[in-house]
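**Q** Input: one structure, supplied below.
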Protein chains: 2
Amino acid sequence: MTEILSGTKYSKSAKAVLLAAKDLFWKYGIYRVTVEEICEEASISKMTFYRSFENKYHVADIILKDITSKSYTEMTDLFCSNIPFPQKINQFLSLKKEMARKVSIEFIKDLYAENEFTNSMKKYFEISQAKLMLIVKRSFVEAKRDGWIRDDMKIEFILYMFESIGTLSKDEKLLSLFDNSEELTSVIVNFMFRGILSDKKVV
Amino acid sequence: MTEILSGTKYSKSAKAVLLAAKDLFWKYGIYRVTVEEICEEASISKMTFYRSFENKYHVADIILKDITSKSYTEMTDLFCSNIPFPQKINQFLSLKKEMARKVSIEFIKDLYAENEFTNSMKKYFEISQAKLMLIVKRSFVEAKRDGWIRDDMKIEFILYMFESIGTLSKDEKLLSLFDNSEELTSVIVNFMFRGILSDKKVV
DNA sequence: AAATTATGATACTAATATAGTATCATTTTT
DNA sequence: AAAAATGATACTATATTAGTATCATAATTT
């Protein structure tokens, strides 16, 4: 939790804002939270807020980028490593769980609500996703070659499903079926990998 | 969930409003939710809303009363029944859990934020609580007489702690330590009863 | 089928909330 | 002591929201 914004990049007050904003965004999403609320929660004045940040979307942007960049680095490292495929999947599951705990469903909901500010965030989110997919694909190709994945499974299909984990979380109807993003993610991810893993080599 | 508003007291559209409002209030509290949002969620027009309800606080009032009245009836029945004391406590725990699932922490937070509308709701909440306490007290007195409760435990102290379960949930600082009211309640309740039950008669 | 009733869509006003800025006093850091 | 950061307040412009009036349309009842 407090690992967020680890460097000395931000001043004391700016950090207070980022932490307070994160808590509020997590609970209520972005659009329901006001700048004044954030300031009150961070115990700073509104002017101090506007001296460091453009607006609340700027804050949300920093928070999102901080979290996704860390998560994608971990993911990339995982899929680039030489550990056996099933172990990769296990670790992937726990990384996903951890990430779900880090990114609230309310946050994502507001992110994908049309808005001139959130659009740039969306893009960043999607670009990170795309970069990761290249690495993941390579990993899946190797795994298939090594017999870890059922023969009738096309890599393209797997990748499509893999990407859906991110895409699905944009679907309001699906989101509303779950209480939190952690639950949703674990359901999707578990479902996916149970169906993918070859029967010959059970973890 | 859907047992809410079981009678034919409300029209189809009014029921839709109550259910939609409940979902929104549960997630975001009362003040963050607008009438128009409720209408959209309930798929009815704003006019239809205002033909049935005064405002969103009126809706919140009905929801709260519906839930508390049911819960307090169950509690009263439980403590008036002739089952052994430890069993009463066990059932009390599950009732409390069920109630926690029914009343969101966001809802209570807004309820106890100063506001001319929520004041009447607060009163109703507190009166129900007071009525229940009379019955609970009688039950505790009997339990002590029958040796279920440690001798050095004063009934007044127990009642105080018992009431705290409700009062504590008003404390912002404590609330913020937990993700949901269910967690908070179960922590308090469990803590309480483990310390109260006599060592001689373990359940 | 006609009448009654409930609902919807739209447009509107008044009230309220919020964003963002200017200014100056105060505190903290250097 | 000087410089930099923060706070408090007041302010304007804008956006949001509450609540109502009006008329059209759909659903029910008779």
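Labels for the structure tokens follow display order: chains A, B, ..., residues from 1 in each chain, ligands from 1.
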Could you build a table of the residues in chain A lying no more than 10 Å from chain C, giving for each the nearest pair of atoms and their separation in Å rounded to one decimal place, using only C-alpha atoms (C1' of nucleotides), ordered by chain and ascending residue number, as CSV?
**A**
residue,atom,partner,partner_atom,distance
A:Thr34,CA,C:DT18,C1',7.5
A:Val35,CA,C:DA19,C1',8.2
A:Glu36,CA,C:DT18,C1',8.5
A:Lys46,CA,C:DG20,C1',9.6
A:Met47,CA,C:DT21,C1',9.0
A:Tyr50,CA,C:DG20,C1',8.1
A:Glu54,CA,C:DG20,C1',9.5
A:Asn55,CA,C:DA19,C1',8.7
**Q** Got a sec to pull out which chain D residues are within 12 Å of chain B, counting only C-alpha atoms (C1' of nucleotides), and send them as a PyMOL selection string?
**A** chain D and resi 16-22
**Q** Output as a PDB file with C-alpha atoms, in the first residue's frame the set of chain B residues within 8 Å of chain A, with distances taken over only C-alpha atoms.
**A**
ATOM      1  CA  LYS B  27     -21.739   1.466  -2.782  1.00  0.00           C
ATOM      2  CA  TYR B  28     -21.368   5.205  -2.485  1.00  0.00           C
ATOM      3  CA  ARG B  32     -22.777  11.086  -3.490  1.00  0.00           C
TER       4      ARG B  32
END
**Q** Check segment 36-147 of chain B with DSSP on the backbone and list each residue it calls alpha helix (DSSP H), as a PyMOL selection string.
**A** chain B and resi 36-42+46-52+56-80+85-102+105-111+118-145
**Q** I'd like the neighbourhood of Ser11 of chain A as a ChimeraX atom specification, where a residue qualifies if any of its atoms comes within 9 Å (using only C-alpha atoms (C1' of nucleotides)), though same-chain residues fewer than 4 positions away should be ignored.
**A** /A:15-16,52
**Q** Would you please work out which residue, of A:Leu159, A:Cys80, A:Leu111, A:Ile67, is nearest to Ile30 of chain A when using only C-alpha atoms?
**A**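 Among A:Leu159, A:Cys80, A:Leu111, A:Ile67, it is A:Leu111 that comes nearest to Ile30 of chain A.
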